[in-house]
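Shown next: protein.txt, given as compact mmCIF, C-alpha atoms.
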# COMPACT_ATOMS: atom_id res chain seq x y z
CA MET A 1 91.43 85.10 121.11
CA VAL A 2 90.15 88.42 119.76
CA ILE A 3 86.39 88.77 119.47
CA GLY A 4 84.92 90.51 116.43
CA GLY A 5 86.76 91.73 113.37
CA VAL A 6 87.22 89.88 110.08
CA PRO A 7 87.56 86.11 110.64
CA GLY A 8 90.81 84.62 109.37
CA SER A 9 92.56 87.99 109.04
CA GLU A 10 95.25 87.32 111.64
CA ILE A 11 98.91 87.32 110.56
CA ASP A 12 99.87 83.62 110.39
CA GLY A 13 97.15 83.03 112.95
CA ILE A 14 98.56 85.66 115.34
CA THR A 15 96.99 88.89 116.60
CA TYR A 16 99.53 91.46 117.79
CA ALA A 17 98.37 93.32 120.90
CA ASP A 18 99.45 96.76 122.10
CA THR A 19 101.51 97.47 125.22
CA ILE A 20 101.76 100.81 127.03
CA LYS A 21 105.20 101.46 128.52
CA GLU A 22 106.77 104.20 130.61
CA VAL A 23 110.55 104.50 130.48
CA ASP A 24 112.97 106.93 132.07
CA GLY A 25 115.54 109.06 130.24
CA ALA A 26 117.98 106.16 130.15
CA GLY A 27 115.42 103.81 128.61
CA ASN A 28 114.75 101.82 131.79
CA LEU A 29 111.25 100.38 132.05
CA LEU A 30 109.29 102.00 134.90
CA TRP A 31 105.76 100.74 134.21
CA GLN A 32 103.87 98.81 131.58
CA TRP A 33 100.36 97.69 130.78
CA LYS A 34 99.78 94.80 128.37
CA VAL A 35 96.54 94.51 126.43
CA SER A 36 97.09 90.74 126.17
CA GLU A 37 96.93 90.46 129.97
CA ARG A 38 94.59 93.23 131.06
CA LEU A 39 91.95 94.04 128.42
CA PRO A 40 88.76 91.91 128.64
CA ARG A 41 88.13 90.73 125.06
CA ALA A 42 84.38 90.28 125.49
CA GLU A 43 83.97 93.87 126.71
CA TYR A 44 86.14 95.30 123.93
CA PRO A 45 85.33 93.47 120.67
CA LEU A 46 86.86 94.58 117.40
CA GLN A 47 84.41 96.37 115.17
CA PRO A 48 83.29 94.12 112.29
CA HIS A 49 85.29 95.76 109.48
CA TYR A 50 88.67 95.54 111.27
CA THR A 51 91.25 92.88 110.52
CA ARG A 52 92.51 90.87 113.48
CA GLU A 53 96.20 91.53 112.90
CA HIS A 54 96.38 94.38 115.45
CA TYR A 55 94.38 94.92 118.65
CA PRO A 56 93.03 97.36 119.84
CA LEU A 57 95.06 100.09 118.04
CA ILE A 58 95.93 102.43 120.92
CA ASN A 59 96.49 105.78 119.20
CA SER A 60 97.02 108.12 122.16
CA VAL A 61 98.31 107.72 125.72
CA LEU A 62 98.43 110.42 128.40
CA PRO A 63 99.41 110.28 132.09
CA LEU A 64 96.77 112.14 134.09
CA ARG A 65 97.76 115.01 136.35
CA ASP A 66 97.08 113.04 139.53
CA GLY A 67 100.03 110.77 138.69
CA LYS A 68 97.90 107.73 139.48
CA HIS A 69 96.10 107.10 136.20
CA VAL A 70 96.73 106.82 132.45
CA LEU A 71 94.27 107.88 129.73
CA ALA A 72 94.28 105.78 126.53
CA SER A 73 92.33 105.90 123.26
CA MET A 74 91.64 102.54 121.58
CA ARG A 75 90.53 103.15 118.00
CA SER A 76 89.54 99.74 116.66
CA VAL A 77 87.19 99.06 119.59
CA SER A 78 85.93 102.68 119.74
CA ALA A 79 86.78 103.16 123.41
CA VAL A 80 88.61 105.61 125.66
CA VAL A 81 89.70 104.22 129.03
CA ILE A 82 91.41 105.34 132.22
CA ILE A 83 93.84 102.82 133.73
CA GLU A 84 94.84 102.83 137.39
CA ARG A 85 98.62 102.59 137.45
CA SER A 86 98.92 100.76 140.78
CA THR A 87 96.56 97.91 139.89
CA GLY A 88 96.39 97.96 136.09
CA ASP A 89 92.60 98.00 136.34
CA ILE A 90 90.41 99.93 133.91
CA VAL A 91 88.49 102.29 136.19
CA TRP A 92 86.67 104.40 133.57
CA LYS A 93 85.41 103.70 130.07
CA LEU A 94 83.59 105.49 127.28
CA GLY A 95 82.64 103.16 124.45
CA PRO A 96 80.97 102.86 121.02
CA GLU A 97 77.65 104.08 122.35
CA VAL A 98 79.31 107.53 122.15
CA LEU A 99 82.55 107.15 120.18
CA ALA A 100 83.47 106.02 116.68
CA GLN A 101 87.13 105.40 115.74
CA GLN A 102 88.33 108.30 117.88
CA HIS A 103 91.80 109.84 118.39
CA ASN A 104 93.69 112.13 120.77
CA ALA A 105 91.95 111.89 124.15
CA THR A 106 93.28 114.55 126.56
CA GLU A 107 92.56 115.73 130.09
CA LEU A 108 91.38 119.32 130.46
CA ASP A 109 92.12 121.65 133.36
CA ASN A 110 88.59 121.10 134.71
CA GLY A 111 89.10 117.32 134.76
CA ASN A 112 86.89 116.67 131.74
CA ILE A 113 88.10 114.63 128.75
CA LEU A 114 88.43 116.18 125.27
CA ILE A 115 88.21 113.67 122.40
CA PHE A 116 88.54 113.93 118.61
CA ASP A 117 85.69 111.63 117.54
CA ASN A 118 86.36 110.65 113.91
CA GLY A 119 82.94 109.15 113.28
CA ALA A 120 83.71 106.32 110.86
CA PHE A 121 81.15 103.50 111.28
CA ARG A 122 79.23 105.47 113.90
CA ASN A 123 76.48 103.44 115.59
CA GLY A 124 72.93 104.41 114.68
CA GLU A 125 73.92 107.03 112.09
CA SER A 126 73.49 106.95 108.32
CA ILE A 127 75.74 109.98 107.70
CA THR A 128 79.42 110.00 108.59
CA TYR A 129 80.70 113.07 110.41
CA THR A 130 83.55 114.03 112.70
CA ARG A 131 83.15 115.97 115.92
CA ALA A 132 85.12 117.11 118.94
CA ILE A 133 83.51 116.38 122.29
CA GLU A 134 84.19 117.35 125.89
CA VAL A 135 82.98 114.67 128.30
CA ASN A 136 82.35 115.07 132.02
CA ARG A 137 84.26 112.27 133.74
CA ALA A 138 81.78 111.85 136.58
CA THR A 139 78.61 111.67 134.47
CA LYS A 140 80.07 110.57 131.10
CA LYS A 141 77.80 113.17 129.52
CA ILE A 142 78.88 115.37 126.60
CA VAL A 143 79.08 118.93 127.94
CA TRP A 144 80.46 120.56 124.77
CA GLU A 145 80.50 119.45 121.15
CA TYR A 146 81.64 120.85 117.83
CA ARG A 147 80.48 119.46 114.50
CA ASP A 148 79.67 121.18 111.21
CA ARG A 149 75.94 121.79 111.52
CA SER A 150 75.51 123.27 108.02
CA GLN A 151 76.57 120.07 106.26
CA MET A 152 77.91 117.41 108.62
CA ILE A 153 80.20 115.73 106.11
CA SER A 154 81.99 119.07 105.59
CA PHE A 155 83.98 118.20 108.73
CA PHE A 156 85.03 114.58 108.41
CA THR A 157 88.28 112.65 108.51
CA PRO A 158 88.01 108.86 108.88
CA PHE A 159 91.56 108.57 110.21
CA MET A 160 94.02 110.54 112.38
CA GLY A 161 93.03 113.98 113.73
CA SER A 162 93.38 115.99 116.93
CA ALA A 163 91.67 118.46 119.24
CA GLN A 164 93.51 120.86 121.57
CA ARG A 165 91.84 123.14 124.11
CA LEU A 166 93.65 126.49 124.02
CA ALA A 167 94.38 128.89 126.87
CA ASN A 168 91.78 131.34 125.53
CA GLY A 169 89.04 128.69 125.74
CA ASN A 170 88.95 128.02 122.00
CA THR A 171 89.65 124.59 120.50
CA LEU A 172 92.18 123.86 117.74
CA LEU A 173 91.07 121.03 115.43
CA CYS A 174 93.06 119.07 112.86
CA GLU A 175 90.95 117.53 110.09
CA SER A 176 93.80 115.28 109.08
CA GLY A 177 92.61 113.66 105.86
CA PHE A 178 92.16 117.04 104.17
CA GLY A 179 95.13 118.86 105.72
CA ARG A 180 92.86 121.38 107.41
CA LEU A 181 93.46 123.16 110.72
CA PHE A 182 90.85 125.41 112.25
CA GLU A 183 90.06 127.06 115.56
CA VAL A 184 86.58 127.29 117.02
CA THR A 185 85.26 129.41 119.88
CA PRO A 186 83.24 127.94 122.78
CA ASP A 187 80.06 128.96 120.92
CA ARG A 188 81.31 127.01 117.84
CA TYR A 189 82.31 129.92 115.59
CA VAL A 190 85.25 129.18 113.27
CA CYS A 191 87.64 132.06 113.95
CA TRP A 192 90.79 130.80 112.17
CA GLU A 193 91.49 128.30 109.41
CA TYR A 194 94.49 126.99 107.48
CA VAL A 195 94.76 124.32 104.77
CA ASN A 196 98.10 122.64 104.17
CA PRO A 197 99.20 123.65 100.63
CA CYS A 198 101.86 120.92 100.36
CA PHE A 199 100.90 117.72 98.54
CA ALA A 200 103.00 114.56 98.16
CA PRO A 201 102.44 110.81 97.74
CA TYR A 202 102.65 108.55 100.78
CA PRO A 203 106.23 107.23 100.96
CA ASP A 204 105.46 103.58 101.82
CA ALA A 205 103.92 101.29 99.22
CA GLU A 206 101.18 99.82 101.42
CA THR A 207 99.74 103.19 102.44
CA ALA A 208 100.10 104.52 98.89
CA ARG A 209 98.06 101.57 97.66
CA ILE A 210 95.22 102.41 100.06
CA PHE A 211 95.49 106.17 99.45
CA PRO A 212 96.83 106.59 95.89
CA GLY A 213 97.91 109.95 94.53
CA ASP A 214 99.17 113.03 96.33
CA SER A 215 97.91 113.99 99.77
CA ASN A 216 98.18 117.01 102.07
CA ALA A 217 97.22 114.99 105.15
CA LEU A 218 98.42 116.01 108.62
CA PHE A 219 98.58 113.59 111.53
CA ARG A 220 98.08 116.05 114.39
CA ALA A 221 98.53 119.73 115.23
CA TYR A 222 99.42 121.71 118.36
CA ARG A 223 99.43 125.41 119.06
CA TYR A 224 102.25 126.77 121.22
CA SER A 225 102.89 130.20 122.60
CA LEU A 226 106.30 131.48 121.55
CA ASP A 227 107.27 131.41 125.23
CA GLU A 228 106.84 127.64 125.16
CA ILE A 229 109.25 127.16 122.25
CA SER A 230 112.07 129.59 122.95
CA TRP A 231 114.30 128.20 120.20
CA LEU A 232 111.72 129.16 117.57
CA ARG A 233 111.18 132.52 119.24
CA GLN A 234 114.89 133.23 118.80
CA LYS A 235 114.89 131.95 115.23
CA LEU A 236 112.01 134.26 114.32
CA GLY A 237 113.77 137.21 115.91
CA HIS A 238 111.12 138.03 118.51
CA SER A 239 112.14 140.18 121.46
CA ASP A 240 111.41 139.05 125.01
CA GLN A 241 108.53 141.49 125.18
CA SER A 242 106.77 140.32 122.02
CA LYS A 243 103.71 138.09 122.09
CA GLY A 244 102.69 135.48 119.59
CA TYR A 245 101.59 131.94 118.87
CA CYS A 246 102.70 129.21 116.53
CA SER A 247 100.84 126.13 115.31
CA VAL A 248 102.99 123.05 114.77
CA MET A 249 101.82 120.22 112.51

Before we go any further, please render this structure as structure tokens.
Amino acid sequence: MVIGGVPGSEIDGITYADTIKEVDGAGNLLWQWKVSERLPRAEYPLQPHYTREHYPLINSVLPLRDGKHVLASMRSVSAVVIIERSTGDIVWKLGPEVLAQQHNATELDNGNILIFDNGAFRNGESITYTRAIEVNRATKKIVWEYRDRSQMISFFTPFMGSAQRLANGNTLLCESGFGRLFEVTPDRYVCWEYVNPCFAPYPDAETARIFPGDSNALFRAYRYSLDEISWLRQKLGHSDQSKGYCSVM
């Protein structure tokens, strides 16, 4: 039984729970972790506005570099966790005391965790705002943060979104709901920005009902060096000596 959420909102009385799976190139199951078996409901209640049809809405999964752990973002309970592969135990957690409906948790080279913190229904706040945060794993303290300090709601997307730490130390952010990509320096200066000029209605009826009209939304964005995507390098006609970067949405 799921705790929290909207009572009676299950699908025919059923709540569908997420499962994390690892498969090889042939599709053979190598490892799995079932929410229904491993996630303590009392410690991870649904936030009050969520329906109980889906729990806990895992929106990003990443194997950590040590090969022993998996990092997962759970949106509808506002938590990021680290799972020990050998036991299935949750060995690290950051919850709604810090996060609000987050996406795209990633491990940085220094071992810290970078998170796109959407900010919808943020605890103890009267103004909604999105931010990107870098969290020290040992202390669980925020060691770097970007939010729009001039007018907090100027950077806000209640759904989707991503943050990528670049090789030059900057951070690429995707403000999904408004189709906006921008890059910020470590001292929080916006040094590059792009807004998706392409608008279209959502193709499925249910999403179009929630978000009517045309949208330029982007789910996530990554920046690659041209060396990392050689096929595009060749298509663009770059020589082996040329340097460049490409953002992919």

Cut-off 12 Å around (102.7, 86.9, 118.5) with only C-alpha atoms: residues as a ChimeraX atom specification: /A:1,10-18,36,53-55

What are the closest atom pairs, with distances in Å to one decimal, for all residues of stretch 69-178 of chain A lying within 10 Å of stretch 56-63 of chain A? Consider only C-alpha atoms, order rows by chain and residue number, and present the result as CSV.
residue,atom,partner,partner_atom,distance
A:His69,CA,A:Pro63,CA,6.2
A:Val70,CA,A:Pro63,CA,4.4
A:Leu71,CA,A:Leu62,CA,5.1
A:Ala72,CA,A:Val61,CA,4.5
A:Ser73,CA,A:Ser60,CA,5.3
A:Met74,CA,A:Ile58,CA,4.3
A:Arg75,CA,A:Leu57,CA,5.5
A:Ser76,CA,A:Pro56,CA,5.3
A:Val77,CA,A:Pro56,CA,6.1
A:Ser78,CA,A:Pro56,CA,8.9
A:Ala79,CA,A:Pro56,CA,9.2
A:Val80,CA,A:Ile58,CA,9.3
A:Val81,CA,A:Val61,CA,9.9
A:Ile82,CA,A:Pro63,CA,9.4
A:Ile83,CA,A:Pro63,CA,9.5
A:Arg85,CA,A:Pro63,CA,9.4
A:Gln101,CA,A:Leu57,CA,9.8
A:Gln102,CA,A:Asn59,CA,8.6
A:His103,CA,A:Asn59,CA,6.3
A:Asn104,CA,A:Ser60,CA,5.4
A:Ala105,CA,A:Ser60,CA,6.6
A:Thr106,CA,A:Leu62,CA,6.9
A:Glu107,CA,A:Leu62,CA,8.1
A:Met160,CA,A:Asn59,CA,8.7

Polymer residues at most 10 Å from A:Glu22, all atoms listed in the file, same-chain spacing of 5 or more positions, as a PyMOL selection string: chain A and resi 27-33+63

Among listed residues A:Ser225, A:Thr19, A:Ser150, A:Ser215, nearest A:Pro201 (using all atoms listed in the file):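 That would be A:Ser215, the residue with the smallest distance to A:Pro201.
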
Between atom CA of A:Gly25 and atom CA of A:Arg223, distance in Å (one decimal):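 Distance between the two atoms: 25.5 Å.
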
Atom CA of A:Arg180 to atom CA of A:Asn196, straight-line distance in Å: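 Between these atoms lies a distance of 6.3 Å.
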
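Relative to atom CA of A:Leu166, atom CA of A:Arg149 is found at 22.2 Å.
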
Non-local contacts of stretch 181-184 of chain A (12 Å; only C-alpha atoms; under 6 positions in same chain excluded) as a count of residues only: 42

Shortest interatomic distance to A:Leu108 - which of A:Val135, A:Ala42, A:Ile142, A:Ala200, counting all atoms listed in the file: A:Val135

Shell of 8 Å around A:Gly5, all atoms listed in the file, local chain residues under 4 positions omitted, as number ranges by chain: A: 45-52

Save the residues we just selected, C-alpha atoms, as a CSV table (one decimal), keeping the file's coordinate frame?
chain,number,residue,atom,x,y,z
A,45,PRO,CA,85.3,93.5,120.7
A,46,LEU,CA,86.9,94.6,117.4
A,47,GLN,CA,84.4,96.4,115.2
A,48,PRO,CA,83.3,94.1,112.3
A,49,HIS,CA,85.3,95.8,109.5
A,50,TYR,CA,88.7,95.5,111.3
A,51,THR,CA,91.2,92.9,110.5
A,52,ARG,CA,92.5,90.9,113.5

Selected residue, from A:Gly88, A:Gly111, A:Pro158, A:Gly179, that lies nearest to A:Thr128 when counting only C-alpha atoms: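 Closest to A:Thr128, using only C-alpha atoms: A:Pro158.
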
Residue with smallest distance to A:Asp66 - pool A:Val6, A:Glu84, A:Gln151, A:Tyr189, counting all atoms listed in the file: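 Ranked by minimum distance to A:Asp66, first place goes to A:Glu84.
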
Pick from A:Trp231, A:Tyr202, A:Phe116, A:Phe156, whichever lies nearest to A:Val98 using all atoms listed in the file: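 Using all atoms listed in the file, A:Val98 sits closest to A:Phe116.
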
Spatial neighbours of A:Asn123, max dist 9 Å, only C-alpha atoms, sep filter under 4 positions, as a PyMOL selection string: chain A and resi 96-100+119

Saved selection, atoms kept: C-alpha atoms, as a tab-separated table (two decimals), keeping the file's coordinate frame:
chain	number	residue	atom	x	y	z
A	96	PRO	CA	80.97	102.86	121.02
A	97	GLU	CA	77.65	104.08	122.35
A	98	VAL	CA	79.31	107.53	122.15
A	99	LEU	CA	82.55	107.15	120.18
A	100	ALA	CA	83.47	106.02	116.68
A	119	GLY	CA	82.94	109.15	113.28
